[in-house]
Every structure is written in C-alpha cells, then in structure tokens.
$ cat target-v4.pdb   # PDB, C-alpha atoms
ATOM      1  CA  MET A  12      92.747 144.296 215.493
ATOM      2  CA  THR A  13      96.173 142.799 214.710
ATOM      3  CA  ALA A  14      97.270 139.341 215.756
ATOM      4  CA  GLN A  15     100.432 139.257 217.806
ATOM      5  CA  THR A  16     102.706 136.313 218.341
ATOM      6  CA  PRO A  17     102.683 135.371 222.014
ATOM      7  CA  SER A  18     105.936 135.954 223.827
ATOM      8  CA  PRO A  19     107.877 132.720 224.432
ATOM      9  CA  ALA A  20     107.880 131.501 227.993
ATOM     10  CA  GLU A  21     110.781 132.301 230.256
ATOM     11  CA  PRO A  22     113.075 129.303 230.693
ATOM     12  CA  ALA A  23     112.740 127.304 233.888
ATOM     13  CA  SER A  24     116.482 127.360 234.510
ATOM     14  CA  TYR A  25     119.831 128.645 233.321
ATOM     15  CA  GLU A  26     120.607 125.224 231.849
ATOM     16  CA  GLU A  27     117.337 125.147 229.903
ATOM     17  CA  ALA A  28     117.985 128.631 228.516
ATOM     18  CA  LEU A  29     121.519 127.705 227.517
ATOM     19  CA  ALA A  30     120.365 124.524 225.759
ATOM     20  CA  GLU A  31     117.716 126.441 223.805
ATOM     21  CA  LEU A  32     120.237 129.130 222.919
ATOM     22  CA  GLU A  33     122.683 126.513 221.626
ATOM     23  CA  GLN A  34     119.931 124.974 219.463
ATOM     24  CA  LEU A  35     119.062 128.393 218.021
ATOM     25  CA  VAL A  36     122.698 129.126 217.210
ATOM     26  CA  GLN A  37     123.123 125.771 215.459
ATOM     27  CA  ALA A  38     119.982 126.335 213.381
ATOM     28  CA  MET A  39     121.050 129.869 212.481
ATOM     29  CA  GLU A  40     124.594 128.833 211.566
ATOM     30  CA  GLY A  41     123.307 125.951 209.474
ATOM     31  CA  ALA A  42     121.241 128.365 207.368
ATOM     32  CA  GLN A  43     118.214 126.149 207.969
ATOM     33  CA  LEU A  44     115.799 129.013 208.616
ATOM     34  CA  PRO A  45     113.874 131.360 206.342
ATOM     35  CA  LEU A  46     114.573 135.061 206.846
ATOM     36  CA  ASP A  47     111.541 135.749 209.054
ATOM     37  CA  SER A  48     112.330 132.768 211.253
ATOM     38  CA  LEU A  49     115.942 133.868 211.419
ATOM     39  CA  LEU A  50     114.889 137.257 212.785
ATOM     40  CA  ASP A  51     112.550 135.642 215.331
ATOM     41  CA  SER A  52     115.351 133.289 216.386
ATOM     42  CA  TYR A  53     117.721 136.223 216.806
ATOM     43  CA  ARG A  54     115.191 137.995 219.050
ATOM     44  CA  ARG A  55     114.614 134.850 221.103
ATOM     45  CA  GLY A  56     118.368 134.358 221.395
ATOM     46  CA  ALA A  57     118.742 137.901 222.728
ATOM     47  CA  GLN A  58     116.040 137.186 225.336
ATOM     48  CA  LEU A  59     117.748 133.972 226.373
ATOM     49  CA  LEU A  60     121.104 135.706 226.592
ATOM     50  CA  ASP A  61     119.626 138.388 228.856
ATOM     51  CA  PHE A  62     118.074 135.680 231.035
ATOM     52  CA  CYS A  63     121.404 133.833 231.339
ATOM     53  CA  ARG A  64     123.293 137.021 232.172
ATOM     54  CA  ALA A  65     120.750 137.919 234.866
ATOM     55  CA  ARG A  66     120.994 134.441 236.432
ATOM     56  CA  LEU A  67     124.791 134.564 236.430
ATOM     57  CA  GLN A  68     124.725 138.022 238.020
ATOM     58  CA  ALA A  69     122.337 136.797 240.726
ATOM     59  CA  VAL A  70     124.607 133.860 241.524
ATOM     60  CA  GLU A  71     127.661 136.124 241.567
ATOM     61  CA  ASN A  72     125.909 138.434 244.029
ATOM     62  CA  GLN A  73     125.071 135.488 246.289
ATOM     63  CA  VAL A  74     128.700 134.327 246.237
ATOM     64  CA  LYS A  75     129.839 137.828 247.214
ATOM     65  CA  VAL A  76     127.485 137.734 250.216
ATOM     66  CA  PHE A  77     128.924 134.395 251.292
ATOM     67  CA  GLU A  78     132.487 135.654 250.901
ATOM     68  CA  GLN A  79     131.787 138.736 253.024
ATOM     69  CA  GLY A  80     130.653 136.972 256.107
ATOM     70  CA  GLN A  81     129.669 133.377 256.032
ATOM     71  CA  LEU A  82     132.455 131.605 254.190
ATOM     72  CA  LYS A  83     136.160 131.841 254.831
ATOM     73  CA  PRO A  84     138.818 130.878 252.275
ATOM     74  CA  LEU A  85     140.550 127.578 252.918
ATOM     75  CA  GLY A  86     143.883 128.043 254.644
ATOM     76  CA  GLY A  87     143.033 131.596 255.672
ATOM     77  CA  SER A  88     143.890 132.939 259.114
TER
END
$ encode --input "target-v4.pdb" --output "structure tokens"
Amino acid sequence: MTAQTPSPAEPASYEEALAELEQLVQAMEGAQLPLDSLLDSYRRGAQLLDFCRARLQAVENQVKVFEQGQLKPLGGS
C-alpha cells in the first residue's frame, strides 16, 4: 500500500485562489523551494489557475445572460 498526498482543498473563492497563486509564484521566483516542493507548487498553481479560469468563465456566462434580456446598455434606445 502506498501513501498518497491528499489533494489540496478547492479554494473558497476566486480571490482566495488568486492570493494563493500569487504566494506560490513569489516562492517559486524567489528560489526558496527544494525541487520536489517546486514541482508540487507548480501542480497546485495549475489547479488554482484552472479554478480561476472556470470562475471567470462562469461569471462571463452570467453577464451574457443579463445582456441578452435583463439588462439594457445605458443610453440605448
């Protein structure tokens, strides 16, 4: 039986994911991590990036719904 590292929890919000991603980038750029930790940080960063992209896409889709029926541009006729 092999021990596996548990998967990190999904961020509670876009802002939380972005803050964690920024911290990872700073640590990676500062060369403060051993190689194994660097690889783990890269993987976690990829997960966070996917999460952020998905949240942005969801918000964009909601805005499109509003624009198609519920909201009218200011000054429009």
$ residues_around --input "target-v4.pdb" --residues "Ala20 of chain A" --least-positions-apart "5" --cutoff "12 Å" --atoms "all atoms listed in the file" --output "PyMOL selection string"
chain A and resi 27-28+31+55+58-59+62
$ residues_around --input "target-v4.pdb" --residues "Asp61 of chain A" --least-positions-apart "2" --cutoff "12 Å" --atoms "all atoms listed in the file" --output "VMD selection string"
chain A and resid 21 to 22 25 28 to 29 32 54 to 59 63 to 68
$ write_last_selection --input "target-v4.pdb" --atoms "C-alpha atoms" --output "short mmCIF file (atom, residue, chain, number, x, y, z; two decimals), keeping the file's coordinate frame"
data_model
loop_
_atom_site.label_atom_id
_atom_site.label_comp_id
_atom_site.auth_asym_id
_atom_site.auth_seq_id
_atom_site.Cartn_x
_atom_site.Cartn_y
_atom_site.Cartn_z
CA GLU A 21 110.78 132.30 230.26
CA PRO A 22 113.08 129.30 230.69
CA TYR A 25 119.83 128.65 233.32
CA ALA A 28 117.98 128.63 228.52
CA LEU A 29 121.52 127.70 227.52
CA LEU A 32 120.24 129.13 222.92
CA ARG A 54 115.19 138.00 219.05
CA ARG A 55 114.61 134.85 221.10
CA GLY A 56 118.37 134.36 221.40
CA ALA A 57 118.74 137.90 222.73
CA GLN A 58 116.04 137.19 225.34
CA LEU A 59 117.75 133.97 226.37
CA CYS A 63 121.40 133.83 231.34
CA ARG A 64 123.29 137.02 232.17
CA ALA A 65 120.75 137.92 234.87
CA ARG A 66 120.99 134.44 236.43
CA LEU A 67 124.79 134.56 236.43
CA GLN A 68 124.72 138.02 238.02
#
$ atom_distance --input "target-v4.pdb" --atom1 "atom CA of Ser24 of chain A" --atom2 "atom CA of Glu71 of chain A"
15.9 Å
$ axis_aligned_box --input "target-v4.pdb" --around "segment 22-36 of chain A" --padding-each-side "4 Å" --output "JSON"
{"center_x": 117.7, "center_y": 126.9, "center_z": 225.9, "size_x": 18.0, "size_y": 12.8, "size_z": 25.3}
$ atom_distance --input "target-v4.pdb" --atom1 "atom CA of Pro19 of chain A" --atom2 "atom CA of Glu33 of chain A"
16.3 Å
$ resolve_selection --input "target-v4.pdb" --expression "the PyMOL selection byres ((chain A and resi 39) around 12)" --output "list of chain:residue names"
A:Leu32, A:Glu33, A:Gln34, A:Leu35, A:Val36, A:Gln37, A:Ala38, A:Glu40, A:Gly41, A:Ala42, A:Gln43, A:Leu44, A:Pro45, A:Leu46, A:Asp47, A:Ser48, A:Leu49, A:Leu50, A:Asp51, A:Ser52, A:Tyr53, A:Arg54, A:Arg55, A:Gly56
$ decode --input "target-v4.pdb" --residues "segment 46-67 of chain A" --atoms "N, CA and C atoms" --output "PDB file, in the first residue's frame"
ATOM      1  N   LEU A  46      13.498  21.166  -4.994  1.00  0.00           N
ATOM      2  CA  LEU A  46      12.970  20.708  -6.277  1.00  0.00           C
ATOM      3  C   LEU A  46      11.623  20.011  -6.145  1.00  0.00           C
ATOM      4  N   ASP A  47      11.484  19.089  -5.187  1.00  0.00           N
ATOM      5  CA  ASP A  47      10.211  18.389  -5.029  1.00  0.00           C
ATOM      6  C   ASP A  47       9.081  19.349  -4.670  1.00  0.00           C
ATOM      7  N   SER A  48       9.363  20.288  -3.803  1.00  0.00           N
ATOM      8  CA  SER A  48       8.358  21.278  -3.428  1.00  0.00           C
ATOM      9  C   SER A  48       8.017  22.186  -4.602  1.00  0.00           C
ATOM     10  N   LEU A  49       9.013  22.475  -5.405  1.00  0.00           N
ATOM     11  CA  LEU A  49       8.795  23.292  -6.596  1.00  0.00           C
ATOM     12  C   LEU A  49       7.812  22.611  -7.547  1.00  0.00           C
ATOM     13  N   LEU A  50       7.985  21.315  -7.746  1.00  0.00           N
ATOM     14  CA  LEU A  50       7.078  20.563  -8.613  1.00  0.00           C
ATOM     15  C   LEU A  50       5.674  20.531  -8.031  1.00  0.00           C
ATOM     16  N   ASP A  51       5.553  20.297  -6.728  1.00  0.00           N
ATOM     17  CA  ASP A  51       4.239  20.302  -6.077  1.00  0.00           C
ATOM     18  C   ASP A  51       3.582  21.678  -6.198  1.00  0.00           C
ATOM     19  N   SER A  52       4.368  22.728  -6.041  1.00  0.00           N
ATOM     20  CA  SER A  52       3.841  24.087  -6.157  1.00  0.00           C
ATOM     21  C   SER A  52       3.366  24.365  -7.578  1.00  0.00           C
ATOM     22  N   TYR A  53       4.103  23.863  -8.557  1.00  0.00           N
ATOM     23  CA  TYR A  53       3.702  24.039  -9.950  1.00  0.00           C
ATOM     24  C   TYR A  53       2.353  23.356 -10.193  1.00  0.00           C
ATOM     25  N   ARG A  54       2.215  22.132  -9.682  1.00  0.00           N
ATOM     26  CA  ARG A  54       0.943  21.403  -9.853  1.00  0.00           C
ATOM     27  C   ARG A  54      -0.211  22.146  -9.181  1.00  0.00           C
ATOM     28  N   ARG A  55       0.030  22.619  -7.961  1.00  0.00           N
ATOM     29  CA  ARG A  55      -1.008  23.354  -7.239  1.00  0.00           C
ATOM     30  C   ARG A  55      -1.345  24.646  -7.991  1.00  0.00           C
ATOM     31  N   GLY A  56      -0.341  25.311  -8.516  1.00  0.00           N
ATOM     32  CA  GLY A  56      -0.583  26.520  -9.294  1.00  0.00           C
ATOM     33  C   GLY A  56      -1.443  26.241 -10.513  1.00  0.00           C
ATOM     34  N   ALA A  57      -1.204  25.122 -11.177  1.00  0.00           N
ATOM     35  CA  ALA A  57      -2.016  24.750 -12.341  1.00  0.00           C
ATOM     36  C   ALA A  57      -3.464  24.507 -11.924  1.00  0.00           C
ATOM     37  N   GLN A  58      -3.672  23.876 -10.766  1.00  0.00           N
ATOM     38  CA  GLN A  58      -5.030  23.651 -10.263  1.00  0.00           C
ATOM     39  C   GLN A  58      -5.718  24.980  -9.959  1.00  0.00           C
ATOM     40  N   LEU A  59      -4.998  25.868  -9.321  1.00  0.00           N
ATOM     41  CA  LEU A  59      -5.563  27.172  -8.984  1.00  0.00           C
ATOM     42  C   LEU A  59      -5.893  27.976 -10.236  1.00  0.00           C
ATOM     43  N   LEU A  60      -5.023  27.892 -11.226  1.00  0.00           N
ATOM     44  CA  LEU A  60      -5.260  28.597 -12.477  1.00  0.00           C
ATOM     45  C   LEU A  60      -6.514  28.065 -13.164  1.00  0.00           C
ATOM     46  N   ASP A  61      -6.686  26.757 -13.181  1.00  0.00           N
ATOM     47  CA  ASP A  61      -7.897  26.162 -13.751  1.00  0.00           C
ATOM     48  C   ASP A  61      -9.140  26.627 -12.995  1.00  0.00           C
ATOM     49  N   PHE A  62      -9.051  26.669 -11.671  1.00  0.00           N
ATOM     50  CA  PHE A  62     -10.173  27.127 -10.856  1.00  0.00           C
ATOM     51  C   PHE A  62     -10.534  28.572 -11.209  1.00  0.00           C
ATOM     52  N   CYS A  63      -9.524  29.439 -11.287  1.00  0.00           N
ATOM     53  CA  CYS A  63      -9.763  30.851 -11.604  1.00  0.00           C
ATOM     54  C   CYS A  63     -10.378  31.008 -12.993  1.00  0.00           C
ATOM     55  N   ARG A  64      -9.857  30.278 -13.953  1.00  0.00           N
ATOM     56  CA  ARG A  64     -10.410  30.353 -15.314  1.00  0.00           C
ATOM     57  C   ARG A  64     -11.866  29.912 -15.342  1.00  0.00           C
ATOM     58  N   ALA A  65     -12.190  28.843 -14.612  1.00  0.00           N
ATOM     59  CA  ALA A  65     -13.567  28.348 -14.576  1.00  0.00           C
ATOM     60  C   ALA A  65     -14.498  29.373 -13.932  1.00  0.00           C
ATOM     61  N   ARG A  66     -14.049  30.018 -12.856  1.00  0.00           N
ATOM     62  CA  ARG A  66     -14.871  31.040 -12.198  1.00  0.00           C
ATOM     63  C   ARG A  66     -15.093  32.233 -13.114  1.00  0.00           C
ATOM     64  N   LEU A  67     -14.040  32.670 -13.802  1.00  0.00           N
ATOM     65  CA  LEU A  67     -14.184  33.790 -14.726  1.00  0.00           C
ATOM     66  C   LEU A  67     -15.137  33.445 -15.864  1.00  0.00           C
TER      67      LEU A  67
END
